[in-house]
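Colleague: My structure file target-v2.pdb, PDB, N, CA and C atoms, pLDDT in the B column, is below:
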ATOM      1  N   MET A 383      13.992  16.954   0.122  1.00 76.00           N
ATOM      2  CA  MET A 383      12.661  16.691   0.636  1.00 76.00           C
ATOM      3  C   MET A 383      11.848  17.981   0.613  1.00 76.00           C
ATOM      4  N   SER A 384      10.637  17.870   0.153  1.00 89.00           N
ATOM      5  CA  SER A 384       9.795  19.062   0.095  1.00 89.00           C
ATOM      6  C   SER A 384       9.070  19.265   1.430  1.00 89.00           C
ATOM      7  N   ALA A 385       8.508  20.428   1.581  1.00 89.00           N
ATOM      8  CA  ALA A 385       7.789  20.762   2.809  1.00 89.00           C
ATOM      9  C   ALA A 385       6.550  19.882   2.981  1.00 89.00           C
ATOM     10  N   ASP A 386       5.933  19.486   1.876  1.00 91.00           N
ATOM     11  CA  ASP A 386       4.754  18.619   1.950  1.00 91.00           C
ATOM     12  C   ASP A 386       5.090  17.274   2.595  1.00 91.00           C
ATOM     13  N   TRP A 387       6.208  16.685   2.189  1.00 93.00           N
ATOM     14  CA  TRP A 387       6.603  15.394   2.767  1.00 93.00           C
ATOM     15  C   TRP A 387       6.974  15.526   4.236  1.00 93.00           C
ATOM     16  N   LEU A 388       7.586  16.614   4.621  1.00 93.00           N
ATOM     17  CA  LEU A 388       7.920  16.818   6.033  1.00 93.00           C
ATOM     18  C   LEU A 388       6.654  16.911   6.887  1.00 93.00           C
ATOM     19  N   ILE A 389       5.640  17.577   6.385  1.00 95.00           N
ATOM     20  CA  ILE A 389       4.368  17.685   7.117  1.00 95.00           C
ATOM     21  C   ILE A 389       3.695  16.320   7.209  1.00 95.00           C
ATOM     22  N   VAL A 390       3.688  15.546   6.123  1.00 95.00           N
ATOM     23  CA  VAL A 390       3.082  14.211   6.137  1.00 95.00           C
ATOM     24  C   VAL A 390       3.798  13.303   7.134  1.00 95.00           C
ATOM     25  N   ILE A 391       5.116  13.333   7.143  1.00 95.00           N
ATOM     26  CA  ILE A 391       5.889  12.497   8.079  1.00 95.00           C
ATOM     27  C   ILE A 391       5.625  12.932   9.513  1.00 95.00           C
ATOM     28  N   TYR A 392       5.585  14.240   9.761  1.00 95.00           N
ATOM     29  CA  TYR A 392       5.319  14.754  11.106  1.00 95.00           C
ATOM     30  C   TYR A 392       3.934  14.316  11.601  1.00 95.00           C
ATOM     31  N   VAL A 393       2.917  14.437  10.772  1.00 96.00           N
ATOM     32  CA  VAL A 393       1.555  14.051  11.154  1.00 96.00           C
ATOM     33  C   VAL A 393       1.471  12.540  11.361  1.00 96.00           C
ATOM     34  N   ALA A 394       2.125  11.751  10.492  1.00 96.00           N
ATOM     35  CA  ALA A 394       2.095  10.294  10.628  1.00 96.00           C
ATOM     36  C   ALA A 394       2.778   9.863  11.921  1.00 96.00           C
ATOM     37  N   LEU A 395       3.907  10.471  12.262  1.00 97.00           N
ATOM     38  CA  LEU A 395       4.585  10.137  13.518  1.00 97.00           C
ATOM     39  C   LEU A 395       3.744  10.526  14.734  1.00 97.00           C
ATOM     40  N   ALA A 396       3.072  11.662  14.668  1.00 96.00           N
ATOM     41  CA  ALA A 396       2.220  12.095  15.780  1.00 96.00           C
ATOM     42  C   ALA A 396       1.038  11.136  15.960  1.00 96.00           C
ATOM     43  N   LEU A 397       0.406  10.734  14.851  1.00 97.00           N
ATOM     44  CA  LEU A 397      -0.702   9.779  14.943  1.00 97.00           C
ATOM     45  C   LEU A 397      -0.228   8.413  15.428  1.00 97.00           C
ATOM     46  N   GLY A 398       0.929   7.986  14.984  1.00 96.00           N
ATOM     47  CA  GLY A 398       1.489   6.726  15.451  1.00 96.00           C
ATOM     48  C   GLY A 398       1.771   6.751  16.944  1.00 96.00           C
ATOM     49  N   ALA A 399       2.295   7.873  17.438  1.00 96.00           N
ATOM     50  CA  ALA A 399       2.558   8.005  18.871  1.00 96.00           C
ATOM     51  C   ALA A 399       1.250   7.979  19.665  1.00 96.00           C
ATOM     52  N   LEU A 400       0.210   8.634  19.162  1.00 97.00           N
ATOM     53  CA  LEU A 400      -1.088   8.612  19.844  1.00 97.00           C
ATOM     54  C   LEU A 400      -1.685   7.204  19.864  1.00 97.00           C
ATOM     55  N   CYS A 401      -1.563   6.473  18.771  1.00 97.00           N
ATOM     56  CA  CYS A 401      -2.063   5.093  18.722  1.00 97.00           C
ATOM     57  C   CYS A 401      -1.302   4.205  19.701  1.00 97.00           C
ATOM     58  N   ALA A 402       0.014   4.351  19.744  1.00 96.00           N
ATOM     59  CA  ALA A 402       0.824   3.558  20.670  1.00 96.00           C
ATOM     60  C   ALA A 402       0.461   3.882  22.116  1.00 96.00           C
ATOM     61  N   LEU A 403       0.233   5.147  22.417  1.00 96.00           N
ATOM     62  CA  LEU A 403      -0.165   5.540  23.770  1.00 96.00           C
ATOM     63  C   LEU A 403      -1.535   4.968  24.126  1.00 96.00           C
ATOM     64  N   GLY A 404      -2.455   4.971  23.179  1.00 95.00           N
ATOM     65  CA  GLY A 404      -3.789   4.399  23.427  1.00 95.00           C
ATOM     66  C   GLY A 404      -3.721   2.901  23.673  1.00 95.00           C
ATOM     67  N   ILE A 405      -2.924   2.186  22.891  1.00 95.00           N
ATOM     68  CA  ILE A 405      -2.776   0.735  23.080  1.00 95.00           C
ATOM     69  C   ILE A 405      -2.124   0.438  24.424  1.00 95.00           C
ATOM     70  N   TYR A 406      -1.097   1.197  24.780  1.00 94.00           N
ATOM     71  CA  TYR A 406      -0.429   1.006  26.068  1.00 94.00           C
ATOM     72  C   TYR A 406      -1.397   1.262  27.224  1.00 94.00           C
ATOM     73  N   SER A 407      -2.196   2.316  27.110  1.00 92.00           N
ATOM     74  CA  SER A 407      -3.165   2.641  28.158  1.00 92.00           C
ATOM     75  C   SER A 407      -4.213   1.536  28.305  1.00 92.00           C
ATOM     76  N   GLU A 408      -4.692   0.993  27.203  1.00 90.00           N
ATOM     77  CA  GLU A 408      -5.690  -0.083  27.243  1.00 90.00           C
ATOM     78  C   GLU A 408      -5.098  -1.354  27.859  1.00 90.00           C
ATOM     79  N   MET A 409      -3.859  -1.657  27.560  1.00 89.00           N
ATOM     80  CA  MET A 409      -3.212  -2.840  28.143  1.00 89.00           C
ATOM     81  C   MET A 409      -3.064  -2.683  29.657  1.00 89.00           C
ATOM     82  N   ARG A 410      -2.694  -1.501  30.115  1.00 87.00           N
ATOM     83  CA  ARG A 410      -2.573  -1.259  31.557  1.00 87.00           C
ATOM     84  C   ARG A 410      -3.932  -1.358  32.243  1.00 87.00           C
ATOM     85  N   ARG A 411      -4.977  -0.832  31.612  1.00 83.00           N
ATOM     86  CA  ARG A 411      -6.314  -0.888  32.208  1.00 83.00           C
ATOM     87  C   ARG A 411      -6.775  -2.325  32.349  1.00 83.00           C
ATOM     88  N   ARG A 412      -6.554  -3.144  31.338  1.00 81.00           N
ATOM     89  CA  ARG A 412      -6.975  -4.542  31.403  1.00 81.00           C
ATOM     90  C   ARG A 412      -6.185  -5.329  32.423  1.00 81.00           C
ATOM     91  N   ARG A 413      -4.917  -4.998  32.598  1.00 79.00           N
ATOM     92  CA  ARG A 413      -4.075  -5.729  33.534  1.00 79.00           C
ATOM     93  C   ARG A 413      -4.519  -5.502  34.984  1.00 79.00           C
ATOM     94  N   PHE A 414      -4.953  -4.288  35.305  1.00 75.00           N
ATOM     95  CA  PHE A 414      -5.306  -3.965  36.676  1.00 75.00           C
ATOM     96  C   PHE A 414      -6.804  -4.025  36.950  1.00 75.00           C
ATOM     97  N   TRP A 415      -7.606  -4.365  35.963  1.00 72.00           N
ATOM     98  CA  TRP A 415      -9.045  -4.480  36.156  1.00 72.00           C
ATOM     99  C   TRP A 415      -9.347  -5.726  36.977  1.00 72.00           C
ATOM    100  N   PRO A 416     -10.259  -5.675  37.927  1.00 72.00           N
ATOM    101  CA  PRO A 416     -10.559  -6.864  38.723  1.00 72.00           C
ATOM    102  C   PRO A 416     -11.116  -7.999  37.866  1.00 72.00           C
ATOM    103  N   THR A 417     -10.703  -9.199  38.174  1.00 71.00           N
ATOM    104  CA  THR A 417     -11.161 -10.350  37.413  1.00 71.00           C
ATOM    105  C   THR A 417     -12.544 -10.792  37.886  1.00 71.00           C
ATOM    106  N   HIS A 418     -13.245 -11.456  37.009  1.00 73.00           N
ATOM    107  CA  HIS A 418     -14.576 -11.962  37.314  1.00 73.00           C
ATOM    108  C   HIS A 418     -14.456 -13.146  38.270  1.00 73.00           C
ATOM    109  N   THR A 419     -15.211 -13.129  39.356  1.00 74.00           N
ATOM    110  CA  THR A 419     -15.176 -14.237  40.304  1.00 74.00           C
ATOM    111  C   THR A 419     -16.208 -15.277  39.905  1.00 74.00           C
ATOM    112  N   GLU A 420     -15.944 -16.504  40.270  1.00 83.00           N
ATOM    113  CA  GLU A 420     -16.843 -17.606  39.952  1.00 83.00           C
ATOM    114  C   GLU A 420     -17.735 -17.969  41.152  1.00 83.00           C
ATOM    115  N   ASP A 421     -17.812 -17.098  42.136  1.00 87.00           N
ATOM    116  CA  ASP A 421     -18.642 -17.366  43.313  1.00 87.00           C
ATOM    117  C   ASP A 421     -20.120 -17.376  42.941  1.00 87.00           C
ATOM    118  N   ARG A 422     -20.880 -18.103  43.738  1.00 90.00           N
ATOM    119  CA  ARG A 422     -22.333 -18.128  43.560  1.00 90.00           C
ATOM    120  C   ARG A 422     -22.968 -17.158  44.552  1.00 90.00           C
ATOM    121  N   ILE A 423     -24.100 -16.592  44.172  1.00 91.00           N
ATOM    122  CA  ILE A 423     -24.799 -15.620  45.007  1.00 91.00           C
ATOM    123  C   ILE A 423     -25.968 -16.315  45.682  1.00 91.00           C
ATOM    124  N   PHE A 424     -26.090 -16.095  46.981  1.00 94.00           N
ATOM    125  CA  PHE A 424     -27.161 -16.684  47.784  1.00 94.00           C
ATOM    126  C   PHE A 424     -27.946 -15.571  48.453  1.00 94.00           C
ATOM    127  N   ARG A 425     -29.258 -15.816  48.611  1.00 93.00           N
ATOM    128  CA  ARG A 425     -30.112 -14.908  49.377  1.00 93.00           C
ATOM    129  C   ARG A 425     -30.860 -15.756  50.391  1.00 93.00           C
ATOM    130  N   CYS A 426     -30.748 -15.373  51.651  1.00 93.00           N
ATOM    131  CA  CYS A 426     -31.366 -16.137  52.730  1.00 93.00           C
ATOM    132  C   CYS A 426     -32.888 -15.992  52.665  1.00 93.00           C
ATOM    133  N   ALA A 427     -33.590 -17.125  52.720  1.00 91.00           N
ATOM    134  CA  ALA A 427     -35.049 -17.116  52.695  1.00 91.00           C
ATOM    135  C   ALA A 427     -35.623 -16.674  54.040  1.00 91.00           C
ATOM    136  N   ASN A 428     -34.812 -16.751  55.090  1.00 91.00           N
ATOM    137  CA  ASN A 428     -35.279 -16.409  56.427  1.00 91.00           C
ATOM    138  C   ASN A 428     -35.091 -14.915  56.738  1.00 91.00           C
ATOM    139  N   CYS A 429     -33.865 -14.420  56.590  1.00 93.00           N
ATOM    140  CA  CYS A 429     -33.584 -13.037  56.987  1.00 93.00           C
ATOM    141  C   CYS A 429     -33.355 -12.098  55.801  1.00 93.00           C
ATOM    142  N   GLY A 430     -33.221 -12.622  54.557  1.00 91.00           N
ATOM    143  CA  GLY A 430     -33.051 -11.796  53.380  1.00 91.00           C
ATOM    144  C   GLY A 430     -31.627 -11.342  53.122  1.00 91.00           C
ATOM    145  N   TYR A 431     -30.665 -11.828  53.888  1.00 93.00           N
ATOM    146  CA  TYR A 431     -29.265 -11.436  53.722  1.00 93.00           C
ATOM    147  C   TYR A 431     -28.717 -12.000  52.410  1.00 93.00           C
ATOM    148  N   VAL A 432     -27.997 -11.178  51.652  1.00 93.00           N
ATOM    149  CA  VAL A 432     -27.397 -11.602  50.388  1.00 93.00           C
ATOM    150  C   VAL A 432     -25.906 -11.791  50.616  1.00 93.00           C
ATOM    151  N   TYR A 433     -25.382 -12.954  50.185  1.00 93.00           N
ATOM    152  CA  TYR A 433     -23.965 -13.274  50.399  1.00 93.00           C
ATOM    153  C   TYR A 433     -23.482 -14.174  49.274  1.00 93.00           C
ATOM    154  N   THR A 434     -22.168 -14.376  49.192  1.00 90.00           N
ATOM    155  CA  THR A 434     -21.579 -15.242  48.173  1.00 90.00           C
ATOM    156  C   THR A 434     -20.867 -16.405  48.826  1.00 90.00           C
ATOM    157  N   ASP A 435     -20.693 -17.471  48.033  1.00 90.00           N
ATOM    158  CA  ASP A 435     -19.947 -18.642  48.482  1.00 90.00           C
ATOM    159  C   ASP A 435     -19.268 -19.255  47.256  1.00 90.00           C
ATOM    160  N   ASP A 436     -18.448 -20.252  47.465  1.00 88.00           N
ATOM    161  CA  ASP A 436     -17.687 -20.871  46.380  1.00 88.00           C
ATOM    162  C   ASP A 436     -18.609 -21.443  45.309  1.00 88.00           C
ATOM    163  N   ALA A 437     -18.068 -21.602  44.106  1.00 86.00           N
ATOM    164  CA  ALA A 437     -18.851 -22.094  42.973  1.00 86.00           C
ATOM    165  C   ALA A 437     -19.219 -23.562  43.109  1.00 86.00           C
ATOM    166  N   ASP A 438     -18.439 -24.332  43.877  1.00 87.00           N
ATOM    167  CA  ASP A 438     -18.710 -25.763  43.990  1.00 87.00           C
ATOM    168  C   ASP A 438     -19.706 -26.101  45.098  1.00 87.00           C
ATOM    169  N   VAL A 439     -20.271 -25.105  45.765  1.00 86.00           N
ATOM    170  CA  VAL A 439     -21.230 -25.313  46.853  1.00 86.00           C
ATOM    171  C   VAL A 439     -22.648 -25.261  46.294  1.00 86.00           C
ATOM    172  N   ASP A 440     -23.454 -26.325  46.545  1.00 88.00           N
ATOM    173  CA  ASP A 440     -24.841 -26.345  46.075  1.00 88.00           C
ATOM    174  C   ASP A 440     -25.780 -25.629  47.037  1.00 88.00           C
ATOM    175  N   ARG A 441     -25.540 -25.795  48.318  1.00 91.00           N
ATOM    176  CA  ARG A 441     -26.331 -25.117  49.346  1.00 91.00           C
ATOM    177  C   ARG A 441     -25.360 -24.483  50.329  1.00 91.00           C
ATOM    178  N   SER A 442     -25.699 -23.304  50.795  1.00 92.00           N
ATOM    179  CA  SER A 442     -24.803 -22.582  51.693  1.00 92.00           C
ATOM    180  C   SER A 442     -25.564 -22.101  52.917  1.00 92.00           C
ATOM    181  N   ARG A 443     -24.854 -22.091  54.042  1.00 91.00           N
ATOM    182  CA  ARG A 443     -25.455 -21.652  55.301  1.00 91.00           C
ATOM    183  C   ARG A 443     -25.317 -20.134  55.428  1.00 91.00           C
ATOM    184  N   CYS A 444     -26.408 -19.478  55.770  1.00 92.00           N
ATOM    185  CA  CYS A 444     -26.428 -18.028  55.948  1.00 92.00           C
ATOM    186  C   CYS A 444     -25.523 -17.647  57.118  1.00 92.00           C
ATOM    187  N   VAL A 445     -24.712 -16.602  56.927  1.00 89.00           N
ATOM    188  CA  VAL A 445     -23.806 -16.173  57.989  1.00 89.00           C
ATOM    189  C   VAL A 445     -24.527 -15.373  59.068  1.00 89.00           C
ATOM    190  N   GLN A 446     -25.743 -14.896  58.781  1.00 89.00           N
ATOM    191  CA  GLN A 446     -26.506 -14.126  59.759  1.00 89.00           C
ATOM    192  C   GLN A 446     -27.340 -15.021  60.676  1.00 89.00           C
ATOM    193  N   CYS A 447     -28.128 -15.934  60.077  1.00 92.00           N
ATOM    194  CA  CYS A 447     -29.068 -16.716  60.887  1.00 92.00           C
ATOM    195  C   CYS A 447     -28.807 -18.216  60.852  1.00 92.00           C
ATOM    196  N   GLY A 448     -27.976 -18.722  59.928  1.00 89.00           N
ATOM    197  CA  GLY A 448     -27.622 -20.132  59.892  1.00 89.00           C
ATOM    198  C   GLY A 448     -28.514 -21.016  59.043  1.00 89.00           C
ATOM    199  N   LYS A 449     -29.486 -20.468  58.333  1.00 91.00           N
ATOM    200  CA  LYS A 449     -30.379 -21.273  57.491  1.00 91.00           C
ATOM    201  C   LYS A 449     -29.663 -21.675  56.207  1.00 91.00           C
ATOM    202  N   LEU A 450     -29.898 -22.919  55.724  1.00 92.00           N
ATOM    203  CA  LEU A 450     -29.338 -23.376  54.459  1.00 92.00           C
ATOM    204  C   LEU A 450     -30.158 -22.805  53.305  1.00 92.00           C
ATOM    205  N   ASN A 451     -29.476 -22.306  52.272  1.00 92.00           N
ATOM    206  CA  ASN A 451     -30.146 -21.658  51.151  1.00 92.00           C
ATOM    207  C   ASN A 451     -29.626 -22.177  49.826  1.00 92.00           C
ATOM    208  N   GLU A 452     -30.503 -22.101  48.817  1.00 90.00           N
ATOM    209  CA  GLU A 452     -30.143 -22.438  47.446  1.00 90.00           C
ATOM    210  C   GLU A 452     -29.584 -21.190  46.772  1.00 90.00           C
ATOM    211  N   PRO A 453     -28.727 -21.345  45.756  1.00 91.00           N
ATOM    212  CA  PRO A 453     -28.187 -20.153  45.064  1.00 91.00           C
ATOM    213  C   PRO A 453     -29.250 -19.464  44.217  1.00 91.00           C
ATOM    214  N   ILE A 454     -29.055 -18.189  43.980  1.00 86.00           N
ATOM    215  CA  ILE A 454     -29.939 -17.411  43.117  1.00 86.00           C
ATOM    216  C   ILE A 454     -29.596 -17.747  41.672  1.00 86.00           C
ATOM    217  N   GLU A 455     -30.588 -18.022  40.851  1.00 82.00           N
ATOM    218  CA  GLU A 455     -30.404 -18.292  39.428  1.00 82.00           C
ATOM    219  C   GLU A 455     -30.879 -17.062  38.652  1.00 82.00           C
ATOM    220  N   PHE A 456     -30.022 -16.524  37.813  1.00 76.00           N
ATOM    221  CA  PHE A 456     -30.361 -15.364  37.000  1.00 76.00           C
ATOM    222  C   PHE A 456     -30.844 -15.789  35.653  1.00 76.00           C
TER     223      PHE A 456
END
Now, as a test, write the supplied structure out as structure tokens.
Modeller:
Amino acid sequence: MSADWLIVIYVALALGALCALGIYSEMRRRRFWPTHTEDRIFRCANCGYVYTDDADVDRSRCVQCGKLNEPIEF
């Protein structure tokens, strides 16, 4: 084996190790990232308090003043 091939193999193994480390790091980040919630966002028309409630709720009662509110549409 010539010195050129040893250098090529060494560089290829180093790049392969870096790629494997990057893929492993990305998989760990995705696994521990918080998941998207399906809650709806409400803003009270009376006191202005912003809160969330379940996705299946059409109207929700404000936890501050008790007024029923419609969800915010973005």
Colleague: Report the residues retrieved by the PyMOL selection byres (((chain A and resi 440 and name CA) around 10) and name CA) from the displayed file, expressed as a PyMOL selection string.
Modeller: chain A and resi 422+435-439+441-442+450-453
Colleague: One number please: CA of Gln446 (chain A) to CA of Thr417 (chain A), in Å, one decimal.
Modeller: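 CA of Thr417 (chain A) lies 27.4 Å from CA of Gln446 (chain A).
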Colleague: From the DSSP assignment of the backbone, select every residue of chain A that is strand (DSSP E or B), and format the answer as a list in words.
Modeller: Arg422, Ile423, Phe424, Arg425, Val432, Tyr433, Thr434, Asp435, Ser442, Arg443, Leu450, Asn451 and Pro453 of chain A
Colleague: Write a file of the just-selected residues containing N, CA and C atoms, as a compact mmCIF listing (two decimals), keeping the file's coordinate frame.
Modeller:
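Saved to again_21.txt:
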# COMPACT_ATOMS: atom_id res chain seq x y z
N ARG A 422 -20.88 -18.10 43.74
CA ARG A 422 -22.33 -18.13 43.56
C ARG A 422 -22.97 -17.16 44.55
N ILE A 423 -24.10 -16.59 44.17
CA ILE A 423 -24.80 -15.62 45.01
C ILE A 423 -25.97 -16.32 45.68
N PHE A 424 -26.09 -16.10 46.98
CA PHE A 424 -27.16 -16.68 47.78
C PHE A 424 -27.95 -15.57 48.45
N ARG A 425 -29.26 -15.82 48.61
CA ARG A 425 -30.11 -14.91 49.38
C ARG A 425 -30.86 -15.76 50.39
N VAL A 432 -28.00 -11.18 51.65
CA VAL A 432 -27.40 -11.60 50.39
C VAL A 432 -25.91 -11.79 50.62
N TYR A 433 -25.38 -12.95 50.18
CA TYR A 433 -23.96 -13.27 50.40
C TYR A 433 -23.48 -14.17 49.27
N THR A 434 -22.17 -14.38 49.19
CA THR A 434 -21.58 -15.24 48.17
C THR A 434 -20.87 -16.40 48.83
N ASP A 435 -20.69 -17.47 48.03
CA ASP A 435 -19.95 -18.64 48.48
C ASP A 435 -19.27 -19.26 47.26
N SER A 442 -25.70 -23.30 50.80
CA SER A 442 -24.80 -22.58 51.69
C SER A 442 -25.56 -22.10 52.92
N ARG A 443 -24.85 -22.09 54.04
CA ARG A 443 -25.46 -21.65 55.30
C ARG A 443 -25.32 -20.13 55.43
N LEU A 450 -29.90 -22.92 55.72
CA LEU A 450 -29.34 -23.38 54.46
C LEU A 450 -30.16 -22.80 53.30
N ASN A 451 -29.48 -22.31 52.27
CA ASN A 451 -30.15 -21.66 51.15
C ASN A 451 -29.63 -22.18 49.83
N PRO A 453 -28.73 -21.34 45.76
CA PRO A 453 -28.19 -20.15 45.06
C PRO A 453 -29.25 -19.46 44.22
Colleague: State, in Å with one decimal place, the distance from CA of Val390 (chain A) to CA of Glu408 (chain A).
Modeller: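 For CA of Val390 (chain A) relative to CA of Glu408 (chain A), the distance reads 27.0 Å.
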Colleague: Mind pulling up the distance from atom C of His418 (chain A) to CA of Ile454 (chain A)?
Modeller: 16.8 Å
Colleague: Given 3 Å of margin on each side, can you work out the centre and size in Å (one decimal) of an axis-aligned box holding every listed atom of region 437-456 of chain A, as JSON?
Modeller:
{"center_x": -24.5, "center_y": -20.2, "center_z": 48.3, "size_x": 18.8, "size_y": 18.2, "size_z": 31.2}
Colleague: Taking the backbone alone, and naming residues the way the document does, which bits of chain A are alpha helix (DSSP H) by DSSP, as JSON, numbers by chain?
Modeller: {"A": [385, 386, 387, 388, 389, 390, 391, 392, 393, 394, 395, 396, 397, 398, 399, 400, 401, 402, 403, 404, 405, 406, 407, 408, 409, 410, 411, 412, 413, 414]}
Colleague: List every protein, DNA or RNA residue that has at least one atom no more than 6.5 Å from (-24.8, -15.3, 48.3) in the file's coordinates, counting only N, CA and C atoms, and write the result as a compact mmCIF listing (two decimals) with N, CA and C atoms, in the coordinates of the input.
Modeller:
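Generated file (result.txt):
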# COMPACT_ATOMS: atom_id res chain seq x y z
N ARG A 422 -20.88 -18.10 43.74
CA ARG A 422 -22.33 -18.13 43.56
C ARG A 422 -22.97 -17.16 44.55
N ILE A 423 -24.10 -16.59 44.17
CA ILE A 423 -24.80 -15.62 45.01
C ILE A 423 -25.97 -16.32 45.68
N PHE A 424 -26.09 -16.10 46.98
CA PHE A 424 -27.16 -16.68 47.78
C PHE A 424 -27.95 -15.57 48.45
N ARG A 425 -29.26 -15.82 48.61
CA ARG A 425 -30.11 -14.91 49.38
C ARG A 425 -30.86 -15.76 50.39
N VAL A 432 -28.00 -11.18 51.65
CA VAL A 432 -27.40 -11.60 50.39
C VAL A 432 -25.91 -11.79 50.62
N TYR A 433 -25.38 -12.95 50.18
CA TYR A 433 -23.96 -13.27 50.40
C TYR A 433 -23.48 -14.17 49.27
N THR A 434 -22.17 -14.38 49.19
CA THR A 434 -21.58 -15.24 48.17
C THR A 434 -20.87 -16.40 48.83
N ASP A 435 -20.69 -17.47 48.03
CA ASP A 435 -19.95 -18.64 48.48
C ASP A 435 -19.27 -19.26 47.26
